[in-house]
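The file run05.cif comes next; it holds mmCIF, C-alpha atoms.
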data_upload
loop_
_atom_site.label_atom_id
_atom_site.label_comp_id
_atom_site.auth_asym_id
_atom_site.auth_seq_id
_atom_site.Cartn_x
_atom_site.Cartn_y
_atom_site.Cartn_z
CA MET R 1 112.18 60.85 103.22
CA THR R 2 115.40 59.43 104.66
CA VAL R 3 118.80 61.14 104.68
CA LEU R 4 119.95 58.71 101.96
CA GLY R 5 116.97 59.52 99.74
CA LEU R 6 117.31 63.28 100.16
CA SER R 7 121.09 63.17 99.57
CA THR R 8 120.55 61.22 96.34
CA LEU R 9 117.92 63.69 95.09
CA VAL R 10 120.03 66.73 95.99
CA PHE R 11 123.08 65.13 94.35
CA CYS R 12 121.19 64.47 91.09
CA GLY R 13 119.68 67.97 91.03
CA SER R 14 123.08 69.55 91.66
CA LEU R 15 124.65 67.37 88.97
CA VAL R 16 122.17 68.73 86.41
CA ALA R 17 122.73 72.27 87.71
CA GLY R 18 126.50 71.78 87.32
CA VAL R 19 126.24 70.46 83.75
CA VAL R 20 123.84 73.18 82.59
CA GLY R 21 125.74 75.86 84.49
CA SER R 22 129.05 75.02 82.84
CA LEU R 23 127.54 74.59 79.35
CA THR R 24 125.74 77.93 79.43
CA GLY R 25 128.36 79.77 81.48
CA LEU R 26 125.65 80.95 83.86
CA GLY R 27 126.89 79.00 86.88
CA GLY R 28 124.77 76.32 88.54
CA GLY R 29 124.59 78.03 91.94
CA ILE R 30 121.64 80.19 91.02
CA ILE R 31 119.28 77.22 90.60
CA ILE R 32 120.45 75.31 93.71
CA THR R 33 118.47 77.53 96.09
CA PRO R 34 115.13 77.34 94.17
CA LEU R 35 115.65 73.58 93.78
CA LEU R 36 116.15 73.06 97.52
CA THR R 37 113.40 75.44 98.66
CA LEU R 38 110.64 75.04 96.05
CA VAL R 39 111.08 71.36 95.19
CA LEU R 40 112.46 69.82 98.39
CA GLY R 41 110.97 72.15 101.00
CA VAL R 42 114.30 73.07 102.60
CA ASP R 43 114.43 76.30 104.65
CA ILE R 44 115.97 79.11 102.56
CA HIS R 45 118.76 79.76 105.09
CA TYR R 46 120.14 76.21 104.70
CA ALA R 47 119.65 76.45 100.93
CA ILE R 48 121.66 79.68 100.67
CA GLY R 49 124.48 78.15 102.75
CA ALA R 50 124.66 75.14 100.43
CA ALA R 51 124.52 77.33 97.31
CA LEU R 52 127.47 79.43 98.56
CA VAL R 53 129.49 76.23 98.88
CA SER R 54 128.65 75.32 95.28
CA VAL R 55 129.63 78.81 94.08
CA ILE R 56 133.12 78.45 95.61
CA ALA R 57 133.49 74.93 94.20
CA THR R 58 132.67 75.97 90.61
CA SER R 59 134.75 79.14 90.71
CA SER R 60 137.89 77.46 92.09
CA GLY R 61 137.41 74.35 89.97
CA ALA R 62 137.06 76.34 86.73
CA ALA R 63 139.96 78.71 87.42
CA ALA R 64 142.61 76.44 85.90
CA ALA R 65 140.67 76.14 82.64
CA TYR R 66 140.09 79.91 82.42
CA VAL R 67 143.74 80.67 83.17
CA LYS R 68 144.94 78.58 80.22
CA GLU R 69 142.97 80.88 77.92
CA GLY R 70 145.04 83.74 79.28
CA PHE R 71 142.30 86.36 79.33
CA SER R 72 141.73 87.32 82.95
CA ASN R 73 143.16 90.52 84.40
CA ILE R 74 144.21 89.77 87.98
CA ARG R 75 144.85 93.44 88.85
CA ILE R 76 141.29 94.44 87.95
CA GLY R 77 140.02 91.32 89.76
CA MET R 78 141.93 92.08 92.94
CA LEU R 79 141.10 95.80 92.97
CA MET R 80 137.39 95.11 92.44
CA GLU R 81 137.46 92.47 95.17
CA ILE R 82 137.88 95.22 97.76
CA ALA R 83 134.37 96.35 96.73
CA THR R 84 132.82 92.89 96.30
CA THR R 85 134.12 91.42 99.59
CA THR R 86 133.03 94.49 101.58
CA GLY R 87 129.61 94.20 99.95
CA ALA R 88 129.49 90.46 100.61
CA VAL R 89 130.14 90.88 104.35
CA LEU R 90 127.40 93.52 104.48
CA GLY R 91 125.02 91.33 102.44
CA ALA R 92 125.61 88.31 104.67
CA SER R 93 124.94 90.31 107.84
CA LEU R 94 121.73 91.62 106.20
CA ALA R 95 120.71 88.03 105.40
CA LEU R 96 121.00 87.14 109.10
CA ARG R 97 118.44 89.83 109.95
CA ALA R 98 116.10 90.05 106.95
CA PRO R 99 112.81 88.11 107.03
CA THR R 100 112.62 84.96 104.88
CA SER R 101 109.86 86.42 102.69
CA ALA R 102 112.01 89.45 101.77
CA ILE R 103 115.01 87.27 100.90
CA THR R 104 112.78 85.04 98.77
CA VAL R 105 111.31 87.95 96.79
CA ILE R 106 114.74 89.55 96.23
CA PHE R 107 116.03 86.16 95.13
CA GLY R 108 113.20 85.89 92.59
CA LEU R 109 114.03 89.33 91.19
CA ALA R 110 117.73 88.41 90.91
CA LEU R 111 116.71 85.26 89.01
CA LEU R 112 114.56 87.26 86.59
CA TYR R 113 117.46 89.60 86.00
CA SER R 114 119.84 86.69 85.28
CA ALA R 115 117.36 85.17 82.85
CA ALA R 116 117.13 88.45 80.95
CA MET R 117 120.90 88.95 81.02
CA SER R 118 121.62 85.51 79.60
CA LEU R 119 119.70 86.37 76.44
CA ARG R 120 121.77 89.49 75.85
CA THR R 121 124.18 89.37 72.93
CA PRO R 122 127.63 90.35 74.11
CA ASP R 123 129.38 93.24 72.39
CA LEU R 124 132.57 91.56 71.25
CA GLY R 125 133.95 94.71 69.62
CA GLY R 126 135.95 96.22 72.48
CA ALA R 127 136.10 99.86 71.42
CA VAL R 128 139.57 101.32 70.97
CA ASP R 129 139.76 104.71 72.66
CA LYS R 130 141.80 107.02 74.82
CA PRO R 131 143.39 105.75 78.05
CA ASP R 132 141.84 106.76 81.36
CA PRO R 133 144.28 108.39 83.85
CA VAL R 134 142.82 106.62 86.92
CA ALA R 135 143.10 103.22 85.26
CA GLN R 136 146.65 104.04 84.17
CA THR R 137 147.73 105.00 87.68
CA LEU R 138 146.25 101.71 88.93
CA GLU R 139 148.11 99.75 86.20
CA LEU R 140 144.84 98.23 84.92
CA ASP R 141 145.41 98.49 81.15
CA SER R 142 146.48 95.19 79.63
CA SER R 143 146.21 93.02 76.54
CA TYR R 144 144.61 89.72 75.62
CA PRO R 145 145.27 87.08 72.97
CA THR R 146 143.15 87.09 69.80
CA SER R 147 143.46 85.21 66.53
CA GLY R 148 145.47 88.15 65.22
CA GLY R 149 147.96 88.30 68.10
CA PHE R 150 147.81 90.24 71.36
CA LYS R 151 145.38 93.12 71.44
CA SER R 152 145.76 95.83 74.06
CA TYR R 153 142.81 97.51 75.78
CA HIS R 154 142.20 100.47 78.07
CA VAL R 155 140.10 100.34 81.22
CA HIS R 156 137.62 103.14 82.07
CA HIS R 157 135.28 104.37 84.82
CA VAL R 158 136.98 102.58 87.72
CA ALA R 159 134.74 104.31 90.30
CA THR R 160 131.46 103.36 88.56
CA GLY R 161 132.73 99.80 88.14
CA SER R 162 133.57 99.60 91.84
CA ALA R 163 130.10 100.85 92.81
CA VAL R 164 128.38 98.17 90.71
CA MET R 165 130.79 95.59 92.17
CA PHE R 166 129.84 96.66 95.69
CA GLY R 167 126.18 96.00 94.78
CA ALA R 168 127.12 92.63 93.28
CA GLY R 169 128.89 91.77 96.55
CA ILE R 170 125.83 92.67 98.65
CA LEU R 171 123.58 90.46 96.47
CA SER R 172 126.11 87.62 96.62
CA GLY R 173 126.26 87.72 100.42
CA LEU R 174 122.51 88.19 100.83
CA LEU R 175 121.39 85.45 98.41
CA GLY R 176 124.33 83.05 98.27
CA ILE R 177 124.83 83.51 94.53
CA GLY R 178 127.93 84.31 92.48
CA SER R 179 126.41 87.51 91.00
CA GLY R 180 128.37 86.73 87.85
CA ALA R 181 125.86 88.54 85.62
CA LEU R 182 126.21 91.77 87.58
CA LYS R 183 129.99 91.50 87.76
CA VAL R 184 130.18 91.13 83.98
CA ILE R 185 128.02 94.27 83.62
CA ALA R 186 130.43 96.27 85.79
CA LEU R 187 133.47 95.08 83.83
CA ASP R 188 131.85 95.05 80.40
CA GLU R 189 129.53 98.05 80.31
CA ALA R 190 131.04 100.40 82.91
CA MET R 191 134.76 99.72 82.60
CA ARG R 192 134.63 98.90 78.86
CA ILE R 193 136.76 95.77 79.15
CA PRO R 194 136.60 93.25 76.24
CA PHE R 195 133.91 90.61 76.81
CA LYS R 196 136.27 87.62 77.06
CA VAL R 197 138.41 89.38 79.64
CA SER R 198 135.38 90.39 81.69
CA THR R 199 133.85 86.89 81.88
CA THR R 200 137.10 85.22 82.97
CA THR R 201 137.94 87.99 85.43
CA SER R 202 134.43 87.68 86.85
CA ASN R 203 134.97 83.94 87.48
CA PHE R 204 138.22 84.82 89.23
CA MET R 205 136.33 87.11 91.60
CA ILE R 206 133.26 84.96 92.32
CA GLY R 207 135.02 82.48 94.63
CA VAL R 208 136.74 85.18 96.69
CA THR R 209 133.46 87.11 97.03
CA ALA R 210 131.63 83.98 98.20
CA ALA R 211 134.41 83.19 100.70
CA ALA R 212 133.93 86.65 102.22
CA SER R 213 130.34 85.90 103.20
CA VAL R 214 130.59 82.16 103.89
CA GLY R 215 132.42 82.76 107.21
CA LEU R 216 129.38 84.57 108.60
CA TYR R 217 127.07 81.83 107.33
CA LEU R 218 129.21 79.14 108.97
CA LYS R 219 129.41 80.91 112.32
CA ASN R 220 125.65 81.39 112.39
CA GLY R 221 124.89 77.75 111.61
CA TYR R 222 123.71 78.10 107.98
CA ILE R 223 126.21 75.62 106.52
CA ASP R 224 124.77 72.13 106.93
CA PRO R 225 127.09 69.22 106.04
CA GLY R 226 124.15 66.97 105.09
CA LEU R 227 123.18 69.42 102.32
CA GLY R 228 126.64 70.78 101.55
CA MET R 229 127.97 67.30 100.76
CA PRO R 230 125.57 66.31 97.92
CA VAL R 231 125.47 69.87 96.56
CA MET R 232 129.26 70.22 96.36
CA LEU R 233 129.87 66.74 94.94
CA GLY R 234 126.94 67.06 92.50
CA VAL R 235 127.88 70.49 91.15
CA LEU R 236 131.55 69.53 90.78
CA SER R 237 130.75 66.29 88.94
CA GLY R 238 128.32 68.21 86.75
CA ALA R 239 130.83 70.94 85.92
CA PHE R 240 133.41 68.29 85.06
CA LEU R 241 130.95 66.50 82.76
CA GLY R 242 129.90 69.82 81.22
CA ALA R 243 133.51 70.75 80.44
CA ARG R 244 133.94 67.41 78.61
CA LEU R 245 130.76 67.95 76.58
CA LEU R 246 131.51 71.56 75.78
CA PRO R 247 133.84 71.35 72.73
CA GLY R 248 131.75 71.45 69.58
CA MET R 249 128.42 71.75 71.36
CA LYS R 250 125.84 74.28 70.26
CA THR R 251 124.74 75.97 73.45
CA GLY R 252 122.41 78.60 71.96
CA VAL R 253 119.21 76.56 72.35
CA LEU R 254 120.28 75.35 75.79
CA ARG R 255 120.78 78.93 76.94
CA HIS R 256 117.24 79.83 75.91
CA VAL R 257 115.77 76.77 77.64
CA PHE R 258 117.78 77.46 80.79
CA SER R 259 116.72 81.13 80.77
CA ALA R 260 113.08 80.05 80.54
CA VAL R 261 113.54 77.64 83.48
CA ILE R 262 115.18 80.40 85.52
CA ALA R 263 112.31 82.79 84.69
CA ILE R 264 109.70 80.23 85.84
CA LEU R 265 111.63 79.61 89.07
CA ALA R 266 111.83 83.40 89.56
CA VAL R 267 108.05 83.80 89.34
CA GLU R 268 107.57 80.86 91.75
CA MET R 269 110.02 82.36 94.26
CA ILE R 270 108.35 85.80 94.13
CA TYR R 271 104.89 84.24 94.49
CA HIS R 272 105.97 82.09 97.45
CA GLY R 273 107.74 85.01 99.07
CA LEU R 274 104.71 87.29 98.77
CA THR R 275 102.25 84.66 100.00
CA GLY R 276 104.58 83.59 102.80
CA LYS R 277 104.64 79.94 101.78
CA LEU R 278 108.36 79.45 102.22
CA MET I 279 154.71 99.50 83.64
CA ASP I 280 157.31 97.87 81.41
CA ASN I 281 160.31 99.39 83.19
CA LYS I 282 159.57 97.41 86.36
CA PRO I 283 161.57 94.22 86.87
CA ARG I 284 159.17 91.30 86.68
CA SER I 285 160.68 87.91 87.30
CA TRP I 286 157.31 86.20 86.82
CA SER I 287 154.79 87.08 84.18
CA ASP I 288 151.12 87.45 85.10
CA GLN I 289 150.40 84.41 82.96
CA GLN I 290 152.83 82.18 84.89
CA ILE I 291 151.37 83.35 88.19
CA GLU I 292 147.85 82.68 86.94
CA THR I 293 148.78 79.17 85.81
CA ILE I 294 150.26 78.31 89.21
CA ILE I 295 147.21 79.77 90.98
CA GLY I 296 144.84 77.85 88.70
CA ASP I 297 146.57 74.53 89.38
CA LEU I 298 146.70 75.31 93.10
CA LEU I 299 142.95 75.96 93.17
CA ARG I 300 142.08 72.81 91.25
CA ALA I 301 144.24 70.71 93.59
CA GLY I 302 142.48 72.33 96.56
CA VAL I 303 139.05 71.56 95.13
CA VAL I 304 139.94 67.91 94.39
CA PHE I 305 141.44 67.50 97.89
CA SER I 306 138.44 69.02 99.67
CA GLY I 307 136.05 67.05 97.43
CA ALA I 308 137.79 63.80 98.47
CA ILE I 309 137.37 64.65 102.17
CA VAL I 310 133.70 65.59 101.66
CA LEU I 311 133.16 62.28 99.82
CA LEU I 312 134.82 60.31 102.63
CA GLY I 313 132.72 62.13 105.26
CA GLY I 314 129.62 61.62 103.11
CA ILE I 315 130.15 57.86 103.04
CA VAL I 316 130.61 57.70 106.84
CA TYR I 317 127.53 59.94 107.30
CA LEU I 318 125.28 57.92 104.97
CA VAL I 319 126.39 54.57 106.46
CA HIS I 320 125.62 55.73 110.00
CA GLN I 321 122.72 58.12 109.51
CA GLY I 322 121.41 57.33 106.01
CA HIS I 323 118.22 55.74 107.35
CA THR I 324 117.23 58.64 109.63
CA THR I 325 114.81 61.40 108.65
CA PRO I 326 116.27 64.90 108.09
CA HIS I 327 114.44 68.07 109.19
CA TYR I 328 115.33 70.92 106.91
CA GLY I 329 111.87 72.48 106.66
CA VAL I 330 112.46 74.79 109.63
CA PHE I 331 115.76 76.53 110.32
CA HIS I 332 117.29 75.86 113.73
CA GLY I 333 120.96 76.34 112.87
CA GLU I 334 123.80 73.90 113.20
CA PRO I 335 125.00 72.71 116.64
CA SER I 336 127.83 74.89 117.96
CA ASP I 337 130.56 72.31 117.25
CA LEU I 338 129.86 72.55 113.49
CA ARG I 339 130.18 76.35 113.50
CA SER I 340 133.81 76.81 114.52
CA VAL I 341 137.09 75.51 113.13
CA ARG I 342 138.05 73.97 116.47
CA GLY I 343 134.71 72.18 116.87
CA ILE I 344 134.75 70.91 113.29
CA VAL I 345 138.31 69.52 113.64
CA ARG I 346 137.34 67.81 116.93
CA ASP I 347 134.24 66.19 115.38
CA ALA I 348 136.19 65.12 112.29
CA LEU I 349 138.97 63.54 114.37
CA ALA I 350 136.29 61.70 116.35
CA GLY I 351 135.31 60.09 113.04
CA GLN I 352 131.86 61.69 112.82
CA GLY I 353 130.60 61.85 109.24
CA ARG I 354 129.09 65.35 109.53
CA GLY I 355 132.32 66.66 111.08
CA ILE I 356 134.46 65.17 108.29
CA ILE I 357 132.18 66.71 105.61
CA GLN I 358 132.34 70.08 107.33
CA LEU I 359 136.15 69.83 107.45
CA GLY I 360 136.19 69.20 103.69
CA LEU I 361 133.94 72.24 103.19
CA LEU I 362 136.41 74.29 105.30
CA PHE I 363 139.23 73.24 102.96
CA LEU I 364 137.05 74.28 100.01
CA ILE I 365 136.42 77.70 101.59
CA ALA I 366 140.19 77.99 102.08
CA THR I 367 140.90 77.68 98.30
CA PRO I 368 139.93 81.26 97.34
CA VAL I 369 141.66 82.52 100.50
CA ALA I 370 144.82 80.67 99.40
CA ARG I 371 144.47 82.34 96.01
CA VAL I 372 144.53 85.77 97.67
CA VAL I 373 147.49 84.85 99.90
CA PHE I 374 149.43 83.52 96.93
CA SER I 375 148.69 86.71 94.97
CA ILE I 376 150.26 88.84 97.74
CA PHE I 377 153.42 86.77 97.39
CA ALA I 378 153.34 87.02 93.59
CA PHE I 379 152.85 90.81 93.56
CA ALA I 380 155.69 91.13 96.10
CA VAL I 381 158.01 89.17 93.79
CA GLN I 382 157.02 91.57 91.00
CA ARG I 383 157.81 94.51 93.37
CA ASP I 384 154.34 95.86 92.74
CA ARG I 385 153.77 97.60 96.08
CA LEU I 386 150.42 99.08 95.09
CA TYR I 387 148.93 95.64 94.46
CA VAL I 388 150.53 94.11 97.54
CA VAL I 389 148.54 96.71 99.53
CA VAL I 390 145.36 96.11 97.49
CA THR I 391 145.61 92.34 98.02
CA LEU I 392 146.38 92.70 101.75
CA THR I 393 143.19 94.77 102.06
CA VAL I 394 141.14 91.99 100.43
CA LEU I 395 142.77 89.44 102.76
CA ALA I 396 141.95 91.58 105.81
CA ILE I 397 138.25 91.70 104.81
CA LEU I 398 138.23 87.91 104.27
CA MET I 399 139.85 87.35 107.67
CA PHE I 400 137.34 89.66 109.33
CA SER I 401 134.51 87.50 107.96
CA LEU I 402 136.13 84.13 108.61
CA THR I 403 137.54 84.73 112.09
CA GLY I 404 135.82 87.89 113.38
CA ALA I 405 133.11 88.07 116.02
CA GLN I 406 129.56 86.95 115.31
CA VAL I 407 127.56 89.66 113.55
#
Written as C-alpha cells, that's how I'd like the structure from this file.
Amino acid sequence: MTVLGLSTLVFCGSLVAGVVGSLTGLGGGIIITPLLTLVLGVDIHYAIGAALVSVIATSSGAAAAYVKEGFSNIRIGMLMEIATTTGAVLGASLALRAPTSAITVIFGLALLYSAAMSLRTPDLGGAVDKPDPVAQTLELDSSYPTSGGFKSYHVHHVATGSAVMFGAGILSGLLGIGSGALKVIALDEAMRIPFKVSTTTSNFMIGVTAAASVGLYLKNGYIDPGLGMPVMLGVLSGAFLGARLLPGMKTGVLRHVFSAVIAILAVEMIYHGLTGKL
Amino acid sequence: MDNKPRSWSDQQIETIIGDLLRAGVVFSGAIVLLGGIVYLVHQGHTTPHYGVFHGEPSDLRSVRGIVRDALAGQGRGIIQLGLLFLIATPVARVVFSIFAFAVQRDRLYVVVTLTVLAILMFSLTGAQV
C-alpha cells in the first residue's frame, strides 16, 4: 500500500472514530490503536503515539462546548491533574520499557473495562450530605446549573479520588488513551461529584494528562507525522460532524453497538498479545 | 470563599480558556493539513513501513529539529510542527489558569497549577527517560 492509500484509510477510520466518540461521549481515541494495529498492521508504539495526538485534539476541541454548559470545576480538575500528570509521566516511561505483548494485553483489558463502563447507568441524583473538611480547605465545593437554578454540591474523599486519578494517569501514559472512564469513576464514585460535573471536568483533564506523556513519546520517536496527520484531521472532522448530529439524536442504541465493537476489539487485542502476533 | 475579591468569575475564565483552546486546535489543524498536502504530493506514491518500530529520525524528535525541517518546506516537518502546536494547547490552558488564579488572588491554586506546569515541562523538555 502507498502512503496516499494508507493515509486515506487511516483518515476514514479516524473520522468514524471521531463521530462515534463524540456521539457516545466515549472518546474516539480508544479505538484508534486497535484500528491501526489489528486492521492496518501498524506497530503498537506508532499507534499509541498517534492515539495520544487524537486524545489531545478531541479534549481541546471539545472544551469550548463543555465550558458553555458551565458544569466543570476547574479547581478539582487542576488539583487532580497533579496526580494524573505524575501518573502519565510514569506510564509513558513504563511504555518505553514494557514488551509489546504486555502493552497489548493491558490495552485489551482497558478496552473491556471501557465497554462495561459505557453500559453503566449514571447516578444523576447527587446526594446532598455534610461537607468534607479537606475539600473545604481546598475550596473544592461548588455549584452547577440545573433546570431549577444553581444547585450546590460538596466534594468528598479527596485522597481516594487522587489515588484513582494517579492510576488513570499511568494507564493514559502507558496506552495512549484518555482514561476518561476511570477519571469519571474517581470524580463520580469516590468524590461524590454530580455526574454532569464529573464528565465535563474529566474532559478538561484528559488533554493535560495526554500532554504530560506525549513529550516522552515525541523524544523517543513514537510520534510519526505520516500517521499523526490523518488521525488528527480525521478525528477532528469526525468530532465536528458528531457535534452537529448530536442534538435530538437517540444515542442509546449506538452506545450499545459501540460497546460491543469495543468488547470484540478487546478480545482480539488480548488474543494477539498472548499469542505474540502483534 | 465568598469574601475573596474575584474580578473574574470562574465561568468567564472558562469561556476564555475554551475559546483559546479551540483557536489553538483550528490553527494546528491548518498547519497539519498544509504539511499533509506537501507530504502526500511529494511522498504519496512511496510505500510506508509501519509494521516494525524503528523510531523517528532524530530531527523529528526535538523542537529545534522539527522547526528546521518545517522551514525547509518538508511535509513531515510541517506536520510535526502542527502537532507541536496541538500539544501546546493544553499547556497553554495550564499557563492561562495560573494567570487567572493569580488575578483571583487564589494563592493555593496558583501553587497547585504551577506544580502541574512543572510536571508538564519535565516531560516536554526534560532528559530522555
- Task: Any chance you could resolve the PyMOL selection byres ((chain I) within 6 of (chain R)) against this file and give the residues as a VMD selection string?
- Result: chain I and resid 292 to 293 296 to 297 299 to 300 322 to 326 328 to 331 333 to 334 339 354 357 to 358 365 368 394 398 401 to 402
- Task: Give me, please, the distance in Å between CA of Ala239 (chain R) and CA of Phe374 (chain I), quoted to one decimal.
- Result: 25.0 Å
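Every polymer residue reaching to within 6 Å of (119.4, 81.2, 89.2), counting only C-alpha atoms, appears in this list: Ile30, Ile31, Leu111 and Ile262 of chain R.
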- Task: State, in Å with one decimal place, the distance from CA of Pro145 (chain R) to CA of Ile291 (chain I).
- Result: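 Distance between the two atoms: 16.8 Å.
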- How far is it from CA of Val310 (chain I) to CA of Val341 (chain I), in Å with one decimal?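 Between CA of Val310 (chain I) and CA of Val341 (chain I) the gap works out to 15.5 Å.
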- Given the choices R:Asn203, R:Thr8, R:Thr24, R:Thr100, which gets closest to Leu245 (chain R) if the distance is worked out from all atoms listed in the file? R:Thr24
- Item | Counting all atoms listed in the file, the residue of R:Val197, R:Val19, R:Leu254, R:Val155 that sits nearest Leu119 (chain R) |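 Residue with the minimum atom-to-atom distance to Leu119 (chain R): R:Leu254.
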- Message: For a quick check of understanding, using all atoms listed in the file, which of R:Gly108, R:Pro133, R:Gly148, R:Gly77 has the smallest distance to Met165 (chain R)?
- Response: R:Gly77
